[in-house]
Structures are given as C-alpha cells and as structure tokens.
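Dumped start19.pdb below, it's PDB, C-alpha atoms:
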```
MODEL        1
ATOM      1  CA  MET A   1     -41.739  45.767 -13.496
ATOM      2  CA  LYS A   2     -38.216  44.388 -13.161
ATOM      3  CA  LYS A   3     -39.346  41.755 -10.621
ATOM      4  CA  LYS A   4     -42.008  40.481 -13.008
ATOM      5  CA  THR A   5     -39.469  40.195 -15.861
ATOM      6  CA  LEU A   6     -36.999  38.419 -13.591
ATOM      7  CA  LEU A   7     -39.675  35.943 -12.447
ATOM      8  CA  ILE A   8     -40.712  35.207 -16.039
ATOM      9  CA  ARG A   9     -37.107  34.620 -17.083
ATOM     10  CA  LEU A  10     -36.522  32.379 -14.066
ATOM     11  CA  ALA A  11     -39.682  30.378 -14.831
ATOM     12  CA  VAL A  12     -38.617  29.932 -18.478
ATOM     13  CA  LEU A  13     -35.148  28.821 -17.348
ATOM     14  CA  VAL A  14     -36.604  26.245 -14.933
ATOM     15  CA  LEU A  15     -38.947  25.002 -17.669
ATOM     16  CA  CYS A  16     -36.028  24.642 -20.131
ATOM     17  CA  VAL A  17     -33.917  22.729 -17.601
ATOM     18  CA  ALA A  18     -36.840  20.399 -16.776
ATOM     19  CA  LEU A  19     -37.549  19.826 -20.467
ATOM     20  CA  GLY A  20     -33.860  19.130 -21.139
ATOM     21  CA  ALA A  21     -33.654  16.612 -18.290
ATOM     22  CA  THR A  22     -36.810  14.856 -19.500
ATOM     23  CA  MET A  23     -35.557  14.661 -23.082
ATOM     24  CA  MET A  24     -32.208  13.327 -21.893
ATOM     25  CA  VAL A  25     -33.965  10.347 -20.302
ATOM     26  CA  ILE A  26     -36.665   9.809 -22.932
ATOM     27  CA  GLY A  27     -34.484  10.402 -25.982
ATOM     28  CA  ARG A  28     -31.443   8.459 -24.782
ATOM     29  CA  GLY A  29     -30.236   6.093 -27.489
ATOM     30  CA  HIS A  30     -28.819   2.622 -26.882
ATOM     31  CA  THR A  31     -27.172   0.094 -29.142
ATOM     32  CA  ILE A  32     -28.276  -3.392 -28.152
ATOM     33  CA  TYR A  33     -26.095  -6.338 -29.172
ATOM     34  CA  LEU A  34     -28.080  -9.583 -29.181
ATOM     35  CA  ASP A  35     -25.987 -12.729 -28.645
ATOM     36  CA  ASN A  36     -26.968 -16.282 -29.443
ATOM     37  CA  LYS A  37     -23.822 -17.731 -27.901
ATOM     38  CA  THR A  38     -23.312 -20.484 -25.350
ATOM     39  CA  LEU A  39     -22.683 -19.164 -21.854
ATOM     40  CA  GLU A  40     -20.043 -21.477 -20.455
ATOM     41  CA  ASP A  41     -19.358 -22.236 -16.831
ATOM     42  CA  TYR A  42     -21.728 -19.862 -15.087
ATOM     43  CA  GLN A  43     -21.845 -21.280 -11.555
ATOM     44  CA  GLY A  44     -20.865 -24.670 -12.924
ATOM     45  CA  GLN A  45     -23.590 -24.689 -15.592
ATOM     46  CA  GLU A  46     -23.486 -24.317 -19.352
ATOM     47  CA  TYR A  47     -26.334 -22.591 -21.206
ATOM     48  CA  LYS A  48     -26.315 -23.698 -24.837
ATOM     49  CA  ALA A  49     -27.014 -21.418 -27.776
ATOM     50  CA  PHE A  50     -30.226 -21.946 -29.716
ATOM     51  CA  GLU A  51     -30.227 -23.458 -33.194
ATOM     52  CA  ARG A  52     -31.941 -20.367 -34.599
ATOM     53  CA  VAL A  53     -33.542 -17.191 -33.229
ATOM     54  CA  ASN A  54     -35.620 -14.735 -35.272
ATOM     55  CA  ILE A  55     -35.958 -11.395 -33.483
ATOM     56  CA  THR A  56     -38.401  -8.577 -34.148
ATOM     57  CA  VAL A  57     -37.590  -5.382 -32.242
ATOM     58  CA  ASP A  58     -40.362  -2.955 -31.204
ATOM     59  CA  GLY A  59     -42.726  -4.264 -33.874
ATOM     60  CA  GLU A  60     -40.441  -3.299 -36.786
ATOM     61  CA  ASP A  61     -40.741  -5.078 -40.127
ATOM     62  CA  GLU A  62     -37.075  -6.072 -40.205
ATOM     63  CA  VAL A  63     -36.269  -9.438 -38.626
ATOM     64  CA  ILE A  64     -32.856 -10.191 -37.108
ATOM     65  CA  LYS A  65     -31.910 -13.806 -37.770
ATOM     66  CA  LEU A  66     -29.308 -15.394 -35.523
ATOM     67  CA  LYS A  67     -27.829 -18.852 -35.766
ATOM     68  CA  LYS A  68     -25.556 -20.427 -33.158
ATOM     69  CA  ARG A  69     -22.553 -18.302 -32.129
ATOM     70  CA  GLU A  70     -23.836 -15.174 -33.888
ATOM     71  CA  ARG A  71     -24.387 -11.600 -32.727
ATOM     72  CA  ASP A  72     -26.358  -8.778 -34.300
ATOM     73  CA  MET A  73     -27.433  -5.364 -33.147
ATOM     74  CA  ALA A  74     -30.506  -3.190 -32.825
ATOM     75  CA  THR A  75     -30.937   0.414 -31.764
ATOM     76  CA  CYS A  76     -33.360   1.678 -29.180
ATOM     77  CA  ILE A  77     -34.443   5.166 -28.147
ATOM     78  CA  GLY A  78     -35.579   5.469 -24.547
ATOM     79  CA  GLN A  79     -35.177   3.290 -21.492
ATOM     80  CA  SER A  80     -37.436   0.371 -22.452
ATOM     81  CA  PHE A  81     -36.750  -2.295 -25.061
ATOM     82  CA  HIS A  82     -39.332  -4.688 -26.474
ATOM     83  CA  MET A  83     -38.566  -7.678 -28.675
ATOM     84  CA  THR A  84     -40.342 -10.772 -29.929
ATOM     85  CA  LEU A  85     -38.243 -13.921 -30.227
ATOM     86  CA  GLU A  86     -39.065 -16.940 -32.358
ATOM     87  CA  ILE A  87     -36.748 -19.609 -30.930
ATOM     88  CA  THR A  88     -35.823 -22.955 -32.416
ATOM     89  CA  GLU A  89     -33.946 -24.813 -29.654
ATOM     90  CA  LYS A  90     -32.684 -27.790 -31.703
ATOM     91  CA  LYS A  91     -32.744 -28.738 -35.356
ATOM     92  CA  GLY A  92     -36.169 -30.057 -36.300
ATOM     93  CA  ASP A  93     -37.979 -28.567 -33.260
ATOM     94  CA  GLU A  94     -41.039 -26.388 -33.619
ATOM     95  CA  PRO A  95     -40.238 -22.718 -32.899
ATOM     96  CA  ARG A  96     -41.662 -21.140 -29.765
ATOM     97  CA  VAL A  97     -42.438 -17.433 -29.371
ATOM     98  CA  GLU A  98     -41.295 -15.298 -26.424
ATOM     99  CA  GLU A  99     -42.189 -11.642 -25.780
ATOM    100  CA  ILE A 100     -39.539  -9.732 -23.815
ATOM    101  CA  ASP A 101     -39.667  -6.257 -22.271
ATOM    102  CA  LEU A 102     -36.465  -4.913 -20.716
ATOM    103  CA  LYS A 103     -35.642  -1.783 -18.762
ATOM    104  CA  LEU A 104     -32.283  -0.534 -20.002
ATOM    105  CA  PRO A 105     -29.701   0.973 -17.672
ATOM    106  CA  TYR A 106     -29.136   4.659 -18.252
ATOM    107  CA  ASN A 107     -25.364   4.463 -17.770
ATOM    108  CA  MET A 108     -24.630   2.058 -20.665
ATOM    109  CA  ASP A 109     -24.459   2.971 -24.353
ATOM    110  CA  GLY A 110     -23.702  -0.428 -25.848
ATOM    111  CA  ILE A 111     -25.436  -3.330 -24.130
ATOM    112  CA  ILE A 112     -24.796  -7.010 -24.838
ATOM    113  CA  ILE A 113     -27.697  -9.341 -24.072
ATOM    114  CA  ASN A 114     -26.968 -13.074 -24.044
ATOM    115  CA  LEU A 115     -30.301 -14.600 -25.065
ATOM    116  CA  PRO A 116     -29.764 -18.178 -23.766
ATOM    117  CA  ALA A 117     -28.749 -16.830 -20.341
ATOM    118  CA  TYR A 118     -31.675 -14.387 -20.224
ATOM    119  CA  LEU A 119     -34.240 -17.032 -21.152
ATOM    120  CA  ALA A 120     -32.758 -19.425 -18.571
ATOM    121  CA  GLY A 121     -33.808 -16.914 -15.898
ATOM    122  CA  LEU A 122     -30.289 -16.035 -14.741
ATOM    123  CA  PRO A 123     -29.599 -12.788 -12.863
ATOM    124  CA  GLU A 124     -28.894  -9.610 -14.829
ATOM    125  CA  GLU A 125     -25.106  -9.719 -14.308
ATOM    126  CA  ALA A 126     -25.032 -13.067 -16.152
ATOM    127  CA  TRP A 127     -26.888 -12.003 -19.305
ATOM    128  CA  MET A 128     -26.229  -8.241 -19.559
ATOM    129  CA  THR A 129     -22.791  -6.708 -20.062
ATOM    130  CA  GLU A 130     -21.516  -3.427 -21.427
ATOM    131  CA  PHE A 131     -20.002  -3.446 -24.896
ATOM    132  CA  ILE A 132     -16.575  -1.826 -24.807
ATOM    133  CA  PRO A 133     -14.956  -1.508 -28.247
ATOM    134  CA  ALA A 134     -11.360  -2.644 -28.535
ATOM    135  CA  PRO A 135      -8.888   0.224 -28.833
ATOM    136  CA  GLU A 136      -7.596   0.775 -32.320
ATOM    137  CA  PRO A 137      -3.930  -0.164 -32.757
ATOM    138  CA  GLU A 138      -1.535   2.721 -33.060
ATOM    139  CA  GLU A 139      -0.060   3.169 -36.501
ATOM    140  CA  PRO A 140       3.677   3.800 -36.699
ATOM    141  CA  ASP A 141       4.742   7.252 -37.797
ATOM    142  CA  GLU A 142       5.444   7.550 -41.487
ATOM    143  CA  GLU A 143       8.273  10.007 -40.875
ATOM    144  CA  GLU A 144      11.771   8.989 -41.874
ATOM    145  CA  PRO A 145      14.126   8.414 -38.976
ATOM    146  CA  ASP A 146      16.644  11.125 -38.157
ATOM    147  CA  ILE A 147      19.943   9.870 -39.613
ATOM    148  CA  GLY A 148      22.240  12.436 -38.073
ATOM    149  CA  ASP A 149      22.854  12.522 -34.367
ATOM    150  CA  GLU A 150      25.650  13.529 -32.047
ATOM    151  CA  PHE A 151      27.679  10.388 -32.810
ATOM    152  CA  ASP A 152      27.427  10.728 -36.585
ATOM    153  CA  MET A 153      30.890  10.375 -38.122
ATOM    154  CA  GLY A 154      29.877  11.378 -41.641
ATOM    155  CA  GLY A 155      29.101  15.004 -40.861
ATOM    156  CA  ASP A 156      30.768  18.192 -42.035
ATOM    157  CA  LEU A 157      34.551  18.008 -41.615
ATOM    158  CA  GLY A 158      35.172  21.673 -42.331
ATOM    159  CA  LEU A 159      36.754  21.049 -45.729
ATOM    160  CA  GLU A 160      34.599  23.415 -47.692
ATOM    161  CA  GLY A 161      35.770  23.273 -51.290
ATOM    162  CA  ASP A 162      39.347  22.194 -50.396
ATOM    163  CA  ALA A 163      40.615  19.162 -52.167
ATOM    164  CA  ILE A 164      42.775  16.689 -50.385
ATOM    165  CA  ALA A 165      45.683  15.613 -52.470
TER     166      ALA A 165
ENDMDL
END
```

Please render this file's structure as structure tokens.
Amino acid sequence: MKKKTLLIRLAVLVLCVALGATMMVIGRGHTIYLDNKTLEDYQGQEYKAFERVNITVDGEDEVIKLKKRERDMATCIGQSFHMTLEITEKKGDEPRVEEIDLKLPYNMDGIIINLPAYLAGLPEEAWMTEFIPAPEPEEPDEEEPDIGDEFDMGGDLGLEGDAIA
C-alpha cells in the first residue's frame, strides 16, 4: 500500500515539474523594442532608416507607426514573434509589405531589433541586441550633516550656569 502511494506521489511530482518547465518556455514574456534607426559603420557600410514603417504584431488591431530615428515596443508571450511591416523607404515611394517570423532567445527579456539591419539580411549580432536599462542615479541623503565632531571648538566648556564676569 505504501509503495503504491509513493509511486503516485512521485508520478504527480514528475508531472508537475514537467508542466512547470513547459510553461516556463511557452509562457515566457519578452519586451521587443523595434528600432527604425540608421545602423552606422557596420563592416564599413551604413544601413539607412526607412522614411516610415507601420508594424502590426501577431495580427493585433493596434499599429505601431515609426518614423526615422524612432523606437517603440511590443510585448510577446512565447519564443516566436510574428510581425507585418508596411515599409516606405523614401518619401513618395509606394509602401511594400514584409512578413517576419523570429525565434526569440530565451535568455533575453528586453530585445532591440534594428529593422533596417534585419531587412538588409545582416547576421543576428548586427540587428539584435539586449536592452539594458540605465541605472537610476543615486539621490543624495536628505539628512542634515553632523555639525559636531571631535575638532568642534564650540562644544560644552563645563561652565554650567556659571557666569563669567
């Protein structure tokens, strides 16, 4: 009887661990920062930003609109990211549509994707970087400084109540 109970508990534990590991991969959230910025001097080349990019992420109704030198963000649950880009290269050009599917790295929370570099066919290290927020500056303490110290000459002189004539 005790062996059967132990086996059932062990099986439930293994099932819970497997379910937890699966949910950790499937339910992993990412913040994706989409850049429409010029990539300068990558192996001697410059990849110019587009005039305008309209982005639809995973078929959502909301459209992200980026002009030159702009960045916006989208969130993604899971390890795959799908977006539709409507790109206007130069002012007056007809927009072209690109469908993009990306596999996201598990070890990054905030991911920056440089769209001009990605669409130029550059390697992943050129168009994907990790977003690392700048540390917040330390605020000075609001405490008043200690006025008295061992060299303070205005301390108690031992004249309690005595008047000097």

Output of the PyMOL selection byres ((chain A and resi 127-133) around 7), listed as a list in words:
Met108, Gly110, Ile111, Ile112, Ile113, Asn114, Ala117, Tyr118, Leu122, Glu124, Glu125, Ala126, Ala134 and Pro135 of chain A

Could those residues be written to a file, using C-alpha atoms, as a PDB file, in the coordinates of the input?
```pdb
ATOM      1  CA  MET A 108     -24.630   2.058 -20.665  1.00  0.00           C
ATOM      2  CA  GLY A 110     -23.702  -0.428 -25.848  1.00  0.00           C
ATOM      3  CA  ILE A 111     -25.436  -3.330 -24.130  1.00  0.00           C
ATOM      4  CA  ILE A 112     -24.796  -7.010 -24.838  1.00  0.00           C
ATOM      5  CA  ILE A 113     -27.697  -9.341 -24.072  1.00  0.00           C
ATOM      6  CA  ASN A 114     -26.968 -13.074 -24.044  1.00  0.00           C
ATOM      7  CA  ALA A 117     -28.749 -16.830 -20.341  1.00  0.00           C
ATOM      8  CA  TYR A 118     -31.675 -14.387 -20.224  1.00  0.00           C
ATOM      9  CA  LEU A 122     -30.289 -16.035 -14.741  1.00  0.00           C
ATOM     10  CA  GLU A 124     -28.894  -9.610 -14.829  1.00  0.00           C
ATOM     11  CA  GLU A 125     -25.106  -9.719 -14.308  1.00  0.00           C
ATOM     12  CA  ALA A 126     -25.032 -13.067 -16.152  1.00  0.00           C
ATOM     13  CA  ALA A 134     -11.360  -2.644 -28.535  1.00  0.00           C
ATOM     14  CA  PRO A 135      -8.888   0.224 -28.833  1.00  0.00           C
TER      15      PRO A 135
END
```

Distance of atom CA of Thr88 of chain A from atom CA of Asn54 of chain A, expressed in Å to one decimal place:
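Rounded to one decimal, the two atoms are 8.7 Å apart.
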
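For the atom pair formed by atom CA of Ser80 of chain A and atom CA of Ile55 of chain A, the distance is 16.2 Å, given to one decimal.
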
12 Å contact set for Gly78 of chain A, all atoms listed in the file, chain neighbours under 4 positions out, as an MDAnalysis selection string:
chainID A and resid 22:31 58 82 102:106 109

Can you tell me how far atom CA of Val53 of chain A sits from atom CA of Gln79 of chain A, in Å to one decimal?
23.7 Å

List the residues matched by the PyMOL selection byres ((chain A and resi 85) around 6) in the displayed structure as a list in words, ordered by chain and then by residue number.
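What the PyMOL selection byres ((chain A and resi 85) around 6) grabs from the file is Asn54, Ile55, Thr84, Glu86, Ile87, Val97 and Glu98 of chain A.
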
Dump of C-alpha atoms for the selected residues, as a PDB file, keeping the file's coordinate frame:
```
ATOM      1  CA  ASN A  54     -35.620 -14.735 -35.272  1.00  0.00           C
ATOM      2  CA  ILE A  55     -35.958 -11.395 -33.483  1.00  0.00           C
ATOM      3  CA  THR A  84     -40.342 -10.772 -29.929  1.00  0.00           C
ATOM      4  CA  GLU A  86     -39.065 -16.940 -32.358  1.00  0.00           C
ATOM      5  CA  ILE A  87     -36.748 -19.609 -30.930  1.00  0.00           C
ATOM      6  CA  VAL A  97     -42.438 -17.433 -29.371  1.00  0.00           C
ATOM      7  CA  GLU A  98     -41.295 -15.298 -26.424  1.00  0.00           C
TER       8      GLU A  98
END
```

Let me have the centre and edge lengths in Å, one decimal, of the box along x, y and z around every listed atom of segment 100-116 of chain A with 3 Å of margin on each side, as JSON.
```
{"center_x": -31.7, "center_y": -6.8, "center_z": -21.8, "size_x": 22.0, "size_y": 28.8, "size_z": 14.2}
```

Hey, what comes out of the PyMOL selection byres ((chain A and resi 116) around 7) on this file? Could you write it as an mmCIF file with C-alpha atoms, in the coordinates of the input?
```cif
data_model
loop_
_atom_site.group_PDB
_atom_site.id
_atom_site.type_symbol
_atom_site.label_atom_id
_atom_site.label_comp_id
_atom_site.auth_asym_id
_atom_site.auth_seq_id
_atom_site.Cartn_x
_atom_site.Cartn_y
_atom_site.Cartn_z
ATOM 1 C CA ASN A 36 -26.968 -16.282 -29.443
ATOM 2 C CA TYR A 47 -26.334 -22.591 -21.206
ATOM 3 C CA LYS A 48 -26.315 -23.698 -24.837
ATOM 4 C CA ALA A 49 -27.014 -21.418 -27.776
ATOM 5 C CA ASN A 114 -26.968 -13.074 -24.044
ATOM 6 C CA LEU A 115 -30.301 -14.600 -25.065
ATOM 7 C CA ALA A 117 -28.749 -16.830 -20.341
ATOM 8 C CA TYR A 118 -31.675 -14.387 -20.224
ATOM 9 C CA LEU A 119 -34.240 -17.032 -21.152
ATOM 10 C CA ALA A 120 -32.758 -19.425 -18.571
#
```

Residue nearest Asp35 of chain A - candidates A:Arg69, A:Arg52, A:Arg96, A:Lys3, atoms counted: all atoms listed in the file:
A:Arg69

Written coordinates, N, CA and C atoms of segment 16-47 of chain A as a short mmCIF file (atom, residue, chain, number, x, y, z; two decimals), in the first residue's frame:
```cif
data_model
loop_
_atom_site.label_atom_id
_atom_site.label_comp_id
_atom_site.auth_asym_id
_atom_site.auth_seq_id
_atom_site.Cartn_x
_atom_site.Cartn_y
_atom_site.Cartn_z
N CYS A 16 4.22 17.55 -12.39
CA CYS A 16 4.24 18.98 -12.03
C CYS A 16 5.52 19.66 -12.50
N VAL A 17 6.65 18.99 -12.34
CA VAL A 17 7.93 19.55 -12.79
C VAL A 17 7.92 19.70 -14.31
N ALA A 18 7.45 18.69 -15.03
CA ALA A 18 7.39 18.75 -16.50
C ALA A 18 6.45 19.86 -16.96
N LEU A 19 5.31 19.99 -16.31
CA LEU A 19 4.36 21.04 -16.65
C LEU A 19 4.96 22.42 -16.37
N GLY A 20 5.65 22.56 -15.25
CA GLY A 20 6.30 23.83 -14.91
C GLY A 20 7.37 24.21 -15.92
N ALA A 21 8.18 23.24 -16.34
CA ALA A 21 9.23 23.52 -17.33
C ALA A 21 8.61 23.92 -18.67
N THR A 22 7.55 23.24 -19.07
CA THR A 22 6.87 23.57 -20.32
C THR A 22 6.28 24.97 -20.27
N MET A 23 5.63 25.30 -19.18
CA MET A 23 5.02 26.64 -19.05
C MET A 23 6.08 27.74 -18.99
N MET A 24 7.24 27.41 -18.44
CA MET A 24 8.31 28.41 -18.38
C MET A 24 8.77 28.79 -19.78
N VAL A 25 8.81 27.82 -20.68
CA VAL A 25 9.23 28.10 -22.06
C VAL A 25 8.09 28.73 -22.85
N ILE A 26 6.90 28.15 -22.77
CA ILE A 26 5.77 28.63 -23.55
C ILE A 26 5.29 30.00 -23.06
N GLY A 27 5.22 30.20 -21.78
CA GLY A 27 4.66 31.42 -21.22
C GLY A 27 5.68 32.52 -20.95
N ARG A 28 6.89 32.37 -21.44
CA ARG A 28 7.94 33.35 -21.21
C ARG A 28 7.60 34.64 -21.95
N GLY A 29 7.61 35.76 -21.24
CA GLY A 29 7.30 37.04 -21.84
C GLY A 29 8.55 37.80 -22.26
N HIS A 30 8.46 38.50 -23.37
CA HIS A 30 9.55 39.33 -23.87
C HIS A 30 9.01 40.71 -24.18
N THR A 31 9.84 41.70 -23.99
CA THR A 31 9.55 43.05 -24.46
C THR A 31 10.45 43.28 -25.67
N ILE A 32 9.83 43.57 -26.80
CA ILE A 32 10.56 43.76 -28.04
C ILE A 32 10.57 45.25 -28.36
N TYR A 33 11.76 45.80 -28.51
CA TYR A 33 11.92 47.21 -28.90
C TYR A 33 12.25 47.23 -30.38
N LEU A 34 11.41 47.89 -31.17
CA LEU A 34 11.58 47.94 -32.61
C LEU A 34 12.18 49.30 -32.98
N ASP A 35 13.36 49.26 -33.60
CA ASP A 35 14.10 50.46 -33.97
C ASP A 35 13.99 50.72 -35.46
N ASN A 36 13.75 51.97 -35.81
CA ASN A 36 13.87 52.41 -37.19
C ASN A 36 14.98 53.46 -37.21
N LYS A 37 16.18 53.02 -36.89
CA LYS A 37 17.33 53.91 -36.79
C LYS A 37 18.41 53.44 -37.76
N THR A 38 19.18 54.40 -38.26
CA THR A 38 20.28 54.08 -39.16
C THR A 38 21.35 53.32 -38.40
N LEU A 39 21.80 52.21 -38.98
CA LEU A 39 22.91 51.45 -38.43
C LEU A 39 24.17 51.95 -39.14
N GLU A 40 25.02 52.62 -38.39
CA GLU A 40 26.19 53.25 -38.98
C GLU A 40 27.42 52.37 -38.82
N ASP A 41 28.20 52.35 -39.86
CA ASP A 41 29.51 51.72 -39.87
C ASP A 41 29.51 50.28 -39.39
N TYR A 42 28.65 49.46 -39.97
CA TYR A 42 28.72 48.03 -39.73
C TYR A 42 29.52 47.44 -40.87
N GLN A 43 30.73 47.01 -40.61
CA GLN A 43 31.67 46.50 -41.59
C GLN A 43 31.83 47.46 -42.76
N GLY A 44 31.93 48.74 -42.42
CA GLY A 44 32.16 49.77 -43.43
C GLY A 44 30.92 50.20 -44.19
N GLN A 45 29.76 49.69 -43.84
CA GLN A 45 28.51 50.03 -44.52
C GLN A 45 27.60 50.82 -43.60
N GLU A 46 26.70 51.56 -44.20
CA GLU A 46 25.68 52.28 -43.44
C GLU A 46 24.32 51.82 -43.96
N TYR A 47 23.42 51.45 -43.03
CA TYR A 47 22.09 50.98 -43.39
C TYR A 47 21.09 52.02 -42.90
#
```
